[in-house]
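Next comes model33.cif, with mmCIF, C-alpha atoms.
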```
data_start
#
loop_
_atom_site.label_atom_id
_atom_site.label_comp_id
_atom_site.auth_asym_id
_atom_site.auth_seq_id
_atom_site.Cartn_x
_atom_site.Cartn_y
_atom_site.Cartn_z
CA MET B 1 -13.75 -31.84 -17.29
CA GLU B 2 -14.98 -28.59 -15.73
CA ALA B 3 -11.85 -28.37 -13.56
CA TYR B 4 -9.71 -28.87 -16.67
CA PHE B 5 -11.34 -25.96 -18.49
CA LEU B 6 -10.97 -23.78 -15.39
CA ASP B 7 -7.28 -24.64 -15.27
CA PHE B 8 -6.92 -23.78 -18.94
CA ALA B 9 -8.70 -20.46 -18.43
CA ASN B 10 -6.36 -19.83 -15.49
CA LEU B 11 -3.35 -20.48 -17.74
CA LEU B 12 -4.55 -18.14 -20.50
CA LEU B 13 -5.51 -15.36 -18.07
CA ARG B 14 -2.20 -15.66 -16.26
CA TRP B 15 -0.35 -15.50 -19.59
CA LEU B 16 -2.24 -12.34 -20.56
CA HIS B 17 -1.72 -10.83 -17.12
CA VAL B 18 2.04 -11.38 -17.15
CA ILE B 19 2.44 -10.04 -20.71
CA ALA B 20 0.39 -6.92 -19.93
CA ALA B 21 2.25 -6.36 -16.66
CA VAL B 22 5.65 -6.69 -18.31
CA ALA B 23 4.62 -4.20 -21.01
CA TRP B 24 3.15 -1.72 -18.50
CA ILE B 25 5.98 -1.91 -15.99
CA GLY B 26 8.62 -1.82 -18.71
CA GLU B 27 7.10 1.28 -20.27
CA SER B 28 6.68 2.92 -16.87
CA ILE B 29 10.30 2.26 -15.89
CA TYR B 30 11.47 3.51 -19.29
CA PHE B 31 9.63 6.83 -19.00
CA VAL B 32 10.89 7.40 -15.45
CA MET B 33 14.41 6.77 -16.74
CA LEU B 34 13.80 9.08 -19.70
CA ASP B 35 12.41 11.85 -17.53
CA ASN B 36 15.34 11.67 -15.12
CA SER B 37 17.94 11.47 -17.91
CA LEU B 38 16.91 14.63 -19.72
CA ARG B 39 19.55 17.34 -20.13
CA PRO B 40 19.02 21.01 -21.13
CA PRO B 41 18.86 21.38 -24.94
CA LYS B 42 22.03 22.69 -26.56
CA ALA B 43 20.53 24.04 -29.78
CA ALA B 44 19.24 27.62 -29.52
CA GLU B 45 16.29 26.80 -31.79
CA ASP B 46 15.18 24.02 -29.42
CA GLN B 47 15.34 26.41 -26.49
CA GLN B 48 13.24 28.92 -28.41
CA LYS B 49 10.65 26.22 -29.19
CA GLY B 50 10.22 25.55 -25.46
CA VAL B 51 12.14 22.28 -25.25
CA PHE B 52 12.73 21.59 -21.55
CA GLY B 53 15.18 18.70 -21.93
CA GLU B 54 16.51 16.14 -24.35
CA MET B 55 18.22 12.77 -24.41
CA TRP B 56 20.17 11.05 -27.15
CA ALA B 57 20.23 7.25 -27.14
CA VAL B 58 21.37 4.41 -29.34
CA HIS B 59 19.45 1.14 -29.54
CA GLY B 60 18.73 -1.58 -32.08
CA GLY B 61 21.18 -0.19 -34.62
CA GLY B 62 19.69 3.31 -34.66
CA PHE B 63 19.86 6.65 -32.86
CA TYR B 64 17.00 8.27 -30.96
CA HIS B 65 16.55 11.91 -29.99
CA ASN B 66 13.91 12.40 -27.29
CA GLN B 67 12.72 15.89 -26.37
CA LYS B 68 10.38 17.09 -23.63
CA TYR B 69 8.48 20.36 -23.82
CA ALA B 70 7.93 22.40 -20.66
CA SER B 71 5.06 24.26 -22.30
CA ALA B 72 2.76 23.56 -25.21
CA PRO B 73 4.62 22.79 -28.44
CA ALA B 74 3.66 24.82 -31.45
CA LYS B 75 1.90 21.83 -33.01
CA LEU B 76 0.59 18.48 -31.79
CA PRO B 77 0.56 15.50 -34.19
CA ALA B 78 -2.66 13.67 -34.91
CA ASP B 79 -1.07 10.33 -33.95
CA LEU B 80 -0.06 11.34 -30.42
CA HIS B 81 0.90 8.21 -28.44
CA TRP B 82 -1.05 7.48 -25.23
CA SER B 83 -0.12 4.97 -22.54
CA PHE B 84 -3.05 3.47 -20.69
CA TRP B 85 -4.32 0.19 -22.18
CA LYS B 86 -1.40 -1.77 -20.72
CA ALA B 87 -2.35 -0.57 -17.24
CA TYR B 88 -6.04 -1.38 -17.69
CA THR B 89 -5.33 -4.81 -19.22
CA THR B 90 -3.00 -5.68 -16.35
CA TRP B 91 -5.61 -4.84 -13.72
CA LEU B 92 -8.55 -6.45 -15.52
CA SER B 93 -6.68 -9.70 -16.20
CA GLY B 94 -5.38 -9.75 -12.62
CA PHE B 95 -8.87 -9.23 -11.24
CA GLY B 96 -10.12 -11.99 -13.53
CA LEU B 97 -7.51 -14.33 -12.06
CA PHE B 98 -8.54 -13.33 -8.55
CA VAL B 99 -12.18 -14.14 -9.32
CA LEU B 100 -11.31 -17.45 -10.99
CA LEU B 101 -8.85 -18.67 -8.35
CA TYR B 102 -9.91 -17.09 -5.08
CA MET B 103 -13.48 -15.84 -5.28
CA ALA B 104 -14.65 -19.05 -6.94
CA ASN B 105 -13.45 -20.99 -3.86
CA PRO B 106 -13.50 -18.42 -1.03
CA GLY B 107 -13.87 -20.94 1.77
CA PHE B 108 -10.77 -22.65 0.48
CA TYR B 109 -8.57 -19.64 -0.30
CA LEU B 110 -9.90 -16.51 1.42
CA VAL B 111 -11.35 -17.45 4.80
CA ASN B 112 -8.87 -17.47 7.67
CA PRO B 113 -10.32 -19.87 10.29
CA GLY B 114 -7.26 -19.36 12.47
CA SER B 115 -7.77 -15.58 12.72
CA SER B 116 -7.73 -14.15 16.23
CA TRP B 117 -10.63 -11.94 15.11
CA GLU B 118 -13.71 -14.07 15.64
CA TRP B 119 -15.79 -12.35 12.97
CA ALA B 120 -13.05 -12.97 10.36
CA ALA B 121 -12.61 -16.62 11.37
CA ASN B 122 -16.36 -17.21 11.02
CA LEU B 123 -16.85 -15.60 7.60
CA THR B 124 -18.81 -17.63 5.08
CA GLY B 125 -17.57 -17.88 1.51
CA TRP B 126 -19.80 -15.15 0.07
CA GLN B 127 -19.07 -12.88 3.03
CA ALA B 128 -15.32 -13.32 2.47
CA ASN B 129 -15.80 -12.34 -1.17
CA ILE B 130 -17.61 -9.15 -0.18
CA VAL B 131 -14.96 -8.28 2.40
CA ALA B 132 -12.21 -8.86 -0.18
CA LEU B 133 -13.87 -6.54 -2.70
CA ALA B 134 -14.44 -3.93 0.01
CA PHE B 135 -10.79 -4.27 1.00
CA LEU B 136 -9.64 -3.47 -2.54
CA LEU B 137 -12.04 -0.55 -2.92
CA GLY B 138 -11.34 0.79 0.57
CA GLY B 139 -7.59 0.72 0.00
CA TRP B 140 -7.95 2.87 -3.11
CA VAL B 141 -10.39 5.30 -1.47
CA VAL B 142 -8.17 5.87 1.57
CA TYR B 143 -5.03 6.28 -0.55
CA ASN B 144 -6.77 8.67 -2.95
CA GLU B 145 -8.18 10.80 -0.13
CA MET B 146 -4.74 11.00 1.48
CA CYS B 147 -3.30 12.32 -1.79
CA LYS B 148 -6.06 14.91 -2.15
CA ARG B 149 -5.96 16.10 1.47
CA ILE B 150 -2.28 15.91 2.43
CA SER B 151 -0.73 17.27 -0.77
CA PRO B 152 -3.48 18.67 -3.02
CA ASN B 153 -1.09 21.07 -4.78
CA MET B 154 1.88 18.69 -4.74
CA GLU B 155 3.67 20.88 -2.18
CA ARG B 156 3.83 18.30 0.64
CA ASP B 157 4.69 15.14 -1.25
CA GLY B 158 7.31 14.15 1.33
CA LEU B 159 4.69 14.07 4.07
CA LEU B 160 2.32 12.26 1.73
CA SER B 161 4.96 9.59 1.02
CA LEU B 162 5.30 9.00 4.76
CA GLY B 163 1.53 8.69 5.07
CA VAL B 164 1.35 6.18 2.20
CA ALA B 165 4.11 4.11 3.84
CA VAL B 166 2.10 3.96 7.09
CA LEU B 167 -1.02 3.07 5.10
CA MET B 168 0.72 0.08 3.51
CA VAL B 169 1.80 -1.23 6.92
CA VAL B 170 -1.83 -0.97 8.07
CA VAL B 171 -3.03 -2.75 4.90
CA ALA B 172 -0.48 -5.54 5.44
CA TYR B 173 -1.58 -5.99 9.07
CA LEU B 174 -5.31 -5.98 8.32
CA SER B 175 -5.00 -8.38 5.40
CA SER B 176 -3.02 -10.87 7.49
CA GLN B 177 -5.67 -10.79 10.23
CA ILE B 178 -8.71 -11.05 7.96
CA PHE B 179 -7.66 -13.36 5.14
CA ALA B 180 -5.79 -16.65 4.76
CA GLY B 181 -2.02 -16.21 4.45
CA ARG B 182 -1.58 -16.52 0.71
CA ALA B 183 -4.63 -14.35 0.02
CA ALA B 184 -3.34 -11.74 2.49
CA PHE B 185 -0.14 -11.25 0.49
CA LEU B 186 -2.03 -11.24 -2.78
CA LEU B 187 -4.62 -8.71 -1.58
CA THR B 188 -1.97 -6.38 -0.17
CA GLY B 189 -0.30 -6.39 -3.57
CA ALA B 190 -3.71 -6.01 -5.24
CA VAL B 191 -4.47 -2.89 -3.15
CA MET B 192 -1.27 -1.33 -4.47
CA ALA B 193 -1.92 -2.53 -8.03
CA THR B 194 -5.48 -1.16 -7.88
CA ALA B 195 -4.12 2.21 -6.77
CA MET B 196 -1.64 2.15 -9.66
CA SER B 197 -4.29 1.42 -12.30
CA ALA B 198 -6.78 3.84 -10.73
CA ASN B 199 -4.11 6.56 -10.75
CA VAL B 200 -3.84 6.10 -14.49
CA PHE B 201 -7.62 5.93 -15.03
CA PHE B 202 -8.80 8.73 -12.73
CA TRP B 203 -5.89 11.15 -12.67
CA ILE B 204 -3.03 10.71 -15.12
CA ILE B 205 -4.97 10.18 -18.37
CA PRO B 206 -7.83 12.66 -17.64
CA GLY B 207 -5.25 15.31 -16.73
CA GLN B 208 -3.34 14.68 -19.93
CA ARG B 209 -6.55 14.87 -21.96
CA ARG B 210 -7.38 18.25 -20.41
CA MET B 211 -3.87 19.47 -21.23
CA VAL B 212 -4.13 18.34 -24.86
CA LYS B 213 -7.59 19.89 -25.19
CA ALA B 214 -6.34 23.23 -23.86
CA MET B 215 -3.34 23.18 -26.17
CA LYS B 216 -5.48 22.47 -29.23
CA ALA B 217 -7.75 25.37 -28.24
CA GLY B 218 -4.76 27.69 -27.98
CA GLU B 219 -5.10 27.94 -24.19
CA THR B 220 -2.52 27.47 -21.47
CA PRO B 221 -2.89 24.08 -19.78
CA ASN B 222 -3.47 23.97 -16.03
CA PRO B 223 -0.01 23.23 -14.55
CA LEU B 224 -1.66 21.28 -11.71
CA ASP B 225 -2.72 18.60 -14.18
CA GLY B 226 0.89 17.96 -15.09
CA LYS B 227 2.07 18.08 -11.47
CA ARG B 228 -0.70 15.78 -10.30
CA GLY B 229 0.02 13.27 -13.06
CA LYS B 230 3.69 13.36 -12.11
CA GLN B 231 2.83 12.77 -8.43
CA ARG B 232 0.75 9.69 -9.15
CA SER B 233 3.31 8.37 -11.66
CA VAL B 234 6.02 8.64 -9.02
CA HIS B 235 3.85 6.66 -6.58
CA ASN B 236 3.32 4.03 -9.25
CA THR B 237 7.02 3.58 -9.87
CA TYR B 238 7.70 2.97 -6.16
CA PHE B 239 4.80 0.52 -5.93
CA THR B 240 6.14 -1.54 -8.84
CA LEU B 241 8.80 -3.74 -7.22
CA PRO B 242 6.78 -4.49 -4.04
CA VAL B 243 3.71 -5.43 -6.09
CA VAL B 244 5.67 -7.86 -8.28
CA LEU B 245 7.17 -9.54 -5.21
CA LEU B 246 3.83 -9.82 -3.39
CA MET B 247 2.24 -11.39 -6.46
CA LEU B 248 5.04 -13.96 -6.63
CA SER B 249 4.91 -14.73 -2.90
CA ASN B 250 2.07 -17.24 -3.17
CA HIS B 251 4.63 -19.75 -4.46
CA TYR B 252 6.64 -19.53 -1.22
CA SER B 253 4.79 -20.59 1.91
CA PHE B 254 7.53 -19.46 4.31
CA THR B 255 6.41 -15.87 3.65
CA TYR B 256 2.69 -16.08 4.30
CA THR B 257 2.48 -18.83 6.93
CA HIS B 258 4.50 -16.96 9.56
CA GLU B 259 2.65 -15.40 12.52
CA LEU B 260 4.40 -12.09 11.69
CA SER B 261 3.62 -12.28 7.99
CA TRP B 262 2.44 -8.67 8.00
CA VAL B 263 5.88 -7.57 9.22
CA ILE B 264 7.54 -9.62 6.47
CA MET B 265 5.17 -8.01 3.95
CA SER B 266 6.00 -4.52 5.20
CA LEU B 267 9.73 -5.17 5.05
CA PHE B 268 9.44 -6.39 1.46
CA ILE B 269 7.41 -3.30 0.50
CA PHE B 270 9.95 -0.89 1.94
CA ALA B 271 12.88 -2.87 0.54
CA GLY B 272 11.39 -2.73 -2.96
CA ALA B 273 10.76 1.02 -2.70
CA LEU B 274 14.34 1.68 -1.51
CA ILE B 275 15.85 -0.39 -4.31
CA ARG B 276 13.67 1.41 -6.85
CA GLN B 277 14.81 4.75 -5.44
CA PHE B 278 18.40 3.82 -6.21
CA PHE B 279 17.61 3.36 -9.91
CA VAL B 280 15.47 6.51 -10.06
CA LEU B 281 18.37 8.59 -8.69
CA MET B 282 20.92 6.76 -10.82
CA HIS B 283 19.10 7.82 -14.00
CA ALA B 284 19.22 11.39 -12.69
CA GLY B 285 23.00 11.13 -12.41
CA GLN B 286 23.21 10.39 -8.67
CA THR B 287 24.65 7.12 -7.38
CA ARG B 288 23.47 6.41 -3.84
CA PRO B 289 24.45 2.84 -2.84
CA ALA B 290 22.98 3.41 0.63
CA TYR B 291 19.48 2.85 -0.81
CA PRO B 292 19.99 -0.70 -2.16
CA ALA B 293 22.11 -1.50 0.91
CA ALA B 294 19.21 -0.48 3.15
CA GLY B 295 16.83 -2.50 0.96
CA VAL B 296 19.00 -5.60 1.24
CA ALA B 297 19.24 -5.06 5.00
CA LEU B 298 15.43 -5.06 5.27
CA ILE B 299 15.26 -8.27 3.21
CA LEU B 300 17.80 -9.87 5.56
CA VAL B 301 15.64 -8.86 8.52
CA ALA B 302 12.69 -10.54 6.79
CA VAL B 303 14.84 -13.66 6.28
CA TRP B 304 15.71 -13.65 9.98
CA ILE B 305 12.11 -13.20 11.10
CA GLY B 306 10.78 -15.88 8.76
CA ALA B 307 13.49 -18.45 9.49
CA PRO B 308 12.09 -21.72 10.93
CA SER B 309 13.02 -22.48 14.51
CA GLY B 310 15.41 -25.33 15.20
CA ALA B 311 18.45 -26.51 13.38
CA GLY B 312 16.55 -28.69 10.92
CA ASN B 313 16.73 -32.42 10.32
CA ALA B 314 19.59 -32.72 7.83
CA ALA B 315 22.79 -34.21 9.15
CA PRO B 316 26.01 -32.32 8.32
CA MET B 317 28.16 -33.73 5.53
CA ALA B 318 31.18 -35.62 6.80
CA ALA B 319 34.65 -34.68 5.63
CA GLY B 320 35.40 -36.22 2.24
CA GLU B 321 31.78 -37.27 1.71
CA THR B 322 30.45 -36.64 -1.79
CA ASN B 323 27.00 -35.44 -2.71
CA GLY B 324 26.36 -38.78 -4.37
CA GLU B 325 27.26 -40.63 -1.17
CA THR B 326 24.99 -38.36 0.84
CA ASP B 327 22.11 -38.90 -1.56
CA GLY B 328 22.69 -42.67 -1.45
CA ARG B 329 22.59 -42.74 2.36
CA ALA B 330 19.42 -40.60 2.36
CA VAL B 331 17.69 -42.97 -0.08
CA ALA B 332 18.78 -46.00 1.98
CA ALA B 333 17.51 -44.42 5.18
CA GLU B 334 14.24 -43.56 3.46
CA GLU B 335 13.78 -47.12 2.21
CA ALA B 336 14.56 -48.52 5.65
CA THR B 337 12.01 -46.24 7.27
CA VAL B 338 9.37 -47.14 4.72
CA ALA B 339 10.05 -50.86 5.15
CA SER B 340 9.89 -50.74 8.93
CA GLY B 341 6.74 -48.64 9.15
CA GLY B 342 6.82 -46.73 12.44
CA PRO B 343 5.99 -43.01 12.76
CA VAL B 344 5.88 -42.51 9.01
CA ASP B 345 2.85 -44.81 8.84
CA GLU B 346 0.98 -42.64 11.34
CA ILE B 347 1.80 -39.44 9.44
CA HIS B 348 1.01 -41.06 6.10
CA GLY B 349 -2.38 -42.07 7.48
CA ILE B 350 -3.06 -38.43 8.31
CA MET B 351 -2.00 -37.43 4.80
CA GLU B 352 -4.42 -39.93 3.29
CA ARG B 353 -7.31 -38.63 5.40
CA ARG B 354 -6.62 -34.91 5.24
CA CYS B 355 -4.39 -34.11 2.26
CA ALA B 356 -4.45 -36.71 -0.51
CA SER B 357 -7.83 -35.62 -1.90
CA CYS B 358 -5.94 -32.66 -3.42
CA HIS B 359 -2.29 -33.73 -3.30
CA ALA B 360 -2.57 -36.72 -5.62
CA GLN B 361 -1.65 -37.46 -9.20
CA HIS B 362 -5.38 -37.50 -9.93
CA PRO B 363 -7.05 -35.36 -7.22
CA THR B 364 -10.58 -36.24 -6.18
CA HIS B 365 -11.24 -32.65 -5.08
CA GLU B 366 -13.19 -30.84 -7.78
CA ALA B 367 -10.96 -27.73 -7.66
CA PHE B 368 -7.85 -29.52 -8.99
CA THR B 369 -6.90 -31.57 -12.01
CA ALA B 370 -3.28 -32.01 -10.89
CA PRO B 371 -1.50 -31.95 -7.51
CA PRO B 372 -1.16 -28.34 -6.26
CA ALA B 373 2.41 -27.05 -6.68
CA GLY B 374 3.29 -30.49 -8.05
CA VAL B 375 3.23 -31.99 -4.53
CA ALA B 376 1.69 -35.48 -4.34
CA LEU B 377 1.35 -37.23 -0.96
CA GLU B 378 -0.22 -40.56 -1.86
CA THR B 379 2.70 -42.78 -0.90
CA ARG B 380 5.12 -42.89 2.01
CA GLU B 381 8.01 -42.28 -0.38
CA GLN B 382 6.39 -39.08 -1.64
CA LEU B 383 5.70 -37.98 1.94
CA LEU B 384 9.32 -38.47 2.98
CA ARG B 385 10.60 -36.48 0.02
CA GLN B 386 8.35 -33.55 1.02
CA ALA B 387 8.73 -34.04 4.79
CA ASP B 388 10.23 -30.64 5.67
CA GLN B 389 7.72 -28.73 3.56
CA VAL B 390 4.80 -30.74 4.96
CA LYS B 391 5.90 -30.08 8.54
CA GLN B 392 6.25 -26.35 7.87
CA VAL B 393 2.91 -25.68 6.19
CA VAL B 394 0.91 -27.99 8.49
CA ALA B 395 2.48 -26.80 11.75
CA SER B 396 1.92 -23.17 10.73
CA GLY B 397 -1.77 -23.88 10.19
CA TYR B 398 -1.70 -22.88 6.53
CA MET B 399 -2.46 -26.38 5.29
CA PRO B 400 -4.96 -27.84 4.71
CA LEU B 401 -6.29 -24.63 3.13
CA GLY B 402 -9.15 -23.37 5.24
CA ASN B 403 -8.87 -26.69 7.10
CA LEU B 404 -11.60 -27.99 4.83
CA THR B 405 -10.64 -31.59 5.61
CA GLN B 406 -10.99 -30.91 9.36
CA MET B 407 -7.46 -31.83 10.45
CA THR B 408 -7.49 -32.04 14.25
CA ASP B 409 -5.13 -30.24 16.61
CA GLU B 410 -3.77 -33.64 17.68
CA GLU B 411 -2.98 -34.59 14.08
CA ARG B 412 -1.34 -31.25 13.47
CA ALA B 413 0.77 -31.64 16.63
CA SER B 414 1.82 -35.12 15.55
CA ILE B 415 3.05 -33.79 12.20
CA ALA B 416 4.85 -30.87 13.86
CA ALA B 417 6.64 -33.22 16.31
CA TRP B 418 7.44 -35.83 13.66
CA THR B 419 11.12 -36.48 12.93
CA PRO B 420 11.36 -38.08 9.45
#
```
Before anything else, please render the file you have as structure tokens.
Amino acid sequence: MEAYFLDFANLLLRWLHVIAAVAWIGESIYFVMLDNSLRPPKAAEDQQKGVFGEMWAVHGGGFYHNQKYASAPAKLPADLHWSFWKAYTTWLSGFGLFVLLYMANPGFYLVNPGSSWEWAANLTGWQANIVALAFLLGGWVVYNEMCKRISPNMERDGLLSLGVAVLMVVVAYLSSQIFAGRAAFLLTGAVMATAMSANVFFWIIPGQRRMVKAMKAGETPNPLDGKRGKQRSVHNTYFTLPVVLLMLSNHYSFTYTHELSWVIMSLFIFAGALIRQFFVLMHAGQTRPAYPAAGVALILVAVWIGAPSGAGNAAPMAAGETNGETDGRAVAAEEATVASGGPVDEIHGIMERRCASCHAQHPTHEAFTAPPAGVALETREQLLRQADQVKQVVASGYMPLGNLTQMTDEERASIAAWTP
């Protein structure tokens, strides 16, 4: 019953997290588009009032006229709209999910017993939790210090962008060495997401509050507050696509089980930033197809690196053969293999000993109330249907998670060499 309530809490937190993230990212992308779509005001009275730019839009059956002031407007409304709770809710709900799913079972999800770094491979559960929290905090501290030291007056943002790119490669490499594969991808994305939320909390909103306070007092706002908020907002918009992809990656084991997973991570991060740059420039009236082309090229490199070795086990379709005929032959072959026993019995025995406590319709492991990812391995038929996936995740060392069931090297080699 406890596992059921944990699963339900997971569902509700994930629901909240996705809704908040969609709202935050959507609003962020909208304001970047708005800022880049502004055109000089045409009316003389708007120019006299200090309007920097304007944009007309039509949506939902109505017309909208957005204006941006370069200096303080003559009057601020009492109901001035602020954008920050979406960012905070996204981070808090995401951190809650991390605690519920990963920190509650660190030996299962965080510890990387296959790490080439002995100290990382030998971490206990509570030690892994502390290292994970330090990783998140350290990522923000290093990023923040880079912003303050490399471009304190927003005059060397190009150099700062290069430094942040190098930092993310380092984060990807360290996470893949210290933590289990799926956690490594998640924590790399979480470092970026933490920086995004912290930018809002520590820099963007405080700077805007100081500007509003100065304007209400009849003083001239510090222009650095506006520039600094713009700098951090720009970083946030380039982090957006990579973070979303890294958070989704835990559903796809081919990304995080590869020995060069940190390279795949880095390629995805840069690809997302390049694709985002295309849309940022497009809203400013510049169409640069080279950016998405370069992003797609990096994704293709990631596909090439992550591709499994060998030609696979599927036989090519003969000329004139229909999908139904192919499926029928596959089912017949499967039934024949099951009936005759043979290698499948040996592999199924390993599954029963090492995997079926979790991957069952009714798992006996206390962390699950249903088979993870919907994969059950209780019968030989189920094993044969999932054969390619089983071979991949077991041979890579990702499964069993944390090797909690003590799968031996001989058993792992048998699965890797198995031809279903």
Within 12 Å of file point (3.4, 3.4, 1.6), counting all atoms listed in the file, expressed as JSON, numbers by chain: {"B": [139, 142, 143, 146, 147, 158, 159, 160, 161, 162, 163, 164, 165, 166, 167, 168, 169, 170, 171, 172, 188, 189, 191, 192, 195, 235, 236, 238, 239, 240, 242, 243, 265, 266, 267, 268, 269, 270, 271, 272, 273, 274]}
If you keep C-alpha atoms, can you produce a file of those selected residues as a PDB file, in the coordinates of the input?
```pdb
ATOM      1  CA  GLY B 139      -7.590   0.720   0.000  1.00  0.00           C
ATOM      2  CA  VAL B 142      -8.170   5.870   1.570  1.00  0.00           C
ATOM      3  CA  TYR B 143      -5.030   6.280  -0.550  1.00  0.00           C
ATOM      4  CA  MET B 146      -4.740  11.000   1.480  1.00  0.00           C
ATOM      5  CA  CYS B 147      -3.300  12.320  -1.790  1.00  0.00           C
ATOM      6  CA  GLY B 158       7.310  14.150   1.330  1.00  0.00           C
ATOM      7  CA  LEU B 159       4.690  14.070   4.070  1.00  0.00           C
ATOM      8  CA  LEU B 160       2.320  12.260   1.730  1.00  0.00           C
ATOM      9  CA  SER B 161       4.960   9.590   1.020  1.00  0.00           C
ATOM     10  CA  LEU B 162       5.300   9.000   4.760  1.00  0.00           C
ATOM     11  CA  GLY B 163       1.530   8.690   5.070  1.00  0.00           C
ATOM     12  CA  VAL B 164       1.350   6.180   2.200  1.00  0.00           C
ATOM     13  CA  ALA B 165       4.110   4.110   3.840  1.00  0.00           C
ATOM     14  CA  VAL B 166       2.100   3.960   7.090  1.00  0.00           C
ATOM     15  CA  LEU B 167      -1.020   3.070   5.100  1.00  0.00           C
ATOM     16  CA  MET B 168       0.720   0.080   3.510  1.00  0.00           C
ATOM     17  CA  VAL B 169       1.800  -1.230   6.920  1.00  0.00           C
ATOM     18  CA  VAL B 170      -1.830  -0.970   8.070  1.00  0.00           C
ATOM     19  CA  VAL B 171      -3.030  -2.750   4.900  1.00  0.00           C
ATOM     20  CA  ALA B 172      -0.480  -5.540   5.440  1.00  0.00           C
ATOM     21  CA  THR B 188      -1.970  -6.380  -0.170  1.00  0.00           C
ATOM     22  CA  GLY B 189      -0.300  -6.390  -3.570  1.00  0.00           C
ATOM     23  CA  VAL B 191      -4.470  -2.890  -3.150  1.00  0.00           C
ATOM     24  CA  MET B 192      -1.270  -1.330  -4.470  1.00  0.00           C
ATOM     25  CA  ALA B 195      -4.120   2.210  -6.770  1.00  0.00           C
ATOM     26  CA  HIS B 235       3.850   6.660  -6.580  1.00  0.00           C
ATOM     27  CA  ASN B 236       3.320   4.030  -9.250  1.00  0.00           C
ATOM     28  CA  TYR B 238       7.700   2.970  -6.160  1.00  0.00           C
ATOM     29  CA  PHE B 239       4.800   0.520  -5.930  1.00  0.00           C
ATOM     30  CA  THR B 240       6.140  -1.540  -8.840  1.00  0.00           C
ATOM     31  CA  PRO B 242       6.780  -4.490  -4.040  1.00  0.00           C
ATOM     32  CA  VAL B 243       3.710  -5.430  -6.090  1.00  0.00           C
ATOM     33  CA  MET B 265       5.170  -8.010   3.950  1.00  0.00           C
ATOM     34  CA  SER B 266       6.000  -4.520   5.200  1.00  0.00           C
ATOM     35  CA  LEU B 267       9.730  -5.170   5.050  1.00  0.00           C
ATOM     36  CA  PHE B 268       9.440  -6.390   1.460  1.00  0.00           C
ATOM     37  CA  ILE B 269       7.410  -3.300   0.500  1.00  0.00           C
ATOM     38  CA  PHE B 270       9.950  -0.890   1.940  1.00  0.00           C
ATOM     39  CA  ALA B 271      12.880  -2.870   0.540  1.00  0.00           C
ATOM     40  CA  GLY B 272      11.390  -2.730  -2.960  1.00  0.00           C
ATOM     41  CA  ALA B 273      10.760   1.020  -2.700  1.00  0.00           C
ATOM     42  CA  LEU B 274      14.340   1.680  -1.510  1.00  0.00           C
TER      43      LEU B 274
END
```
Distance query B:Gly397 at most 9 Å, only C-alpha atoms, self and fewer than 6 positions along chain excluded, as a PyMOL selection string: chain B and resi 114+257+403+412
Selection result of the PyMOL selection byres ((chain B and resi 279-291) around 9) on this file, as a PyMOL selection string: chain B and resi 29+32-38+237+271+274-278+292-296
With 12 Å as the cut-off and only C-alpha atoms counted, what is the closest atom pair between each nearby residue of stretch 16-108 of chain B and stretch 356-366 of chain B? Distances in Å to one decimal, ordered by chain and number, as a Markdown table.
```
| residue | atom | partner | partner_atom | distance |
| --- | --- | --- | --- | --- |
| B:Ala104 | CA | B:Glu366 | CA | 11.9 |
| B:Asn105 | CA | B:Glu366 | CA | 10.6 |
| B:Phe108 | CA | B:His365 | CA | 11.5 |
```
Atomic distance atom CA of B:Arg156 - atom CA of B:Pro223, expressed in Å with one decimal: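 Separation between atom CA of B:Arg156 and atom CA of B:Pro223: 16.4 Å.
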Separation of atom CA of B:Thr194 from atom CA of B:Leu137, in Å and rounded to one decimal: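 Atom-to-atom, atom CA of B:Thr194 and atom CA of B:Leu137 are spaced 8.2 Å apart.
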Using only C-alpha atoms: which of B:Arg385, B:Pro371, B:Ile350, B:Val301 has the shortest distance to B:Glu410: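 Selected residue with least distance to B:Glu410: B:Ile350.
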Kindly add N, CA and C atoms to the incomplete stretch 75-81 of chain B and provide the output as a JSON list (two decimals), in the frame of the given file.
```json
[["chain", "number", "residue", "atom", "x", "y", "z"],
["B", 75, "LYS", "N", 2.85, 22.68, -32.28],
["B", 75, "LYS", "CA", 1.90, 21.83, -33.01],
["B", 75, "LYS", "C", 1.91, 20.43, -32.42],
["B", 76, "LEU", "N", 0.72, 19.85, -32.26],
["B", 76, "LEU", "CA", 0.59, 18.48, -31.79],
["B", 76, "LEU", "C", 0.24, 17.57, -32.96],
["B", 77, "PRO", "N", 0.88, 16.42, -33.08],
["B", 77, "PRO", "CA", 0.56, 15.50, -34.19],
["B", 77, "PRO", "C", -0.78, 14.81, -33.95],
["B", 78, "ALA", "N", -1.38, 14.36, -35.03],
["B", 78, "ALA", "CA", -2.66, 13.67, -34.91],
["B", 78, "ALA", "C", -2.49, 12.29, -34.30],
["B", 79, "ASP", "N", -1.30, 11.68, -34.45],
["B", 79, "ASP", "CA", -1.07, 10.33, -33.95],
["B", 79, "ASP", "C", -0.31, 10.34, -32.62],
["B", 80, "LEU", "N", -0.69, 11.24, -31.74],
["B", 80, "LEU", "CA", -0.06, 11.34, -30.42],
["B", 80, "LEU", "C", -0.20, 10.02, -29.67],
["B", 81, "HIS", "N", 0.91, 9.51, -29.13],
["B", 81, "HIS", "CA", 0.90, 8.21, -28.44],
["B", 81, "HIS", "C", 0.39, 8.39, -27.01]]
```
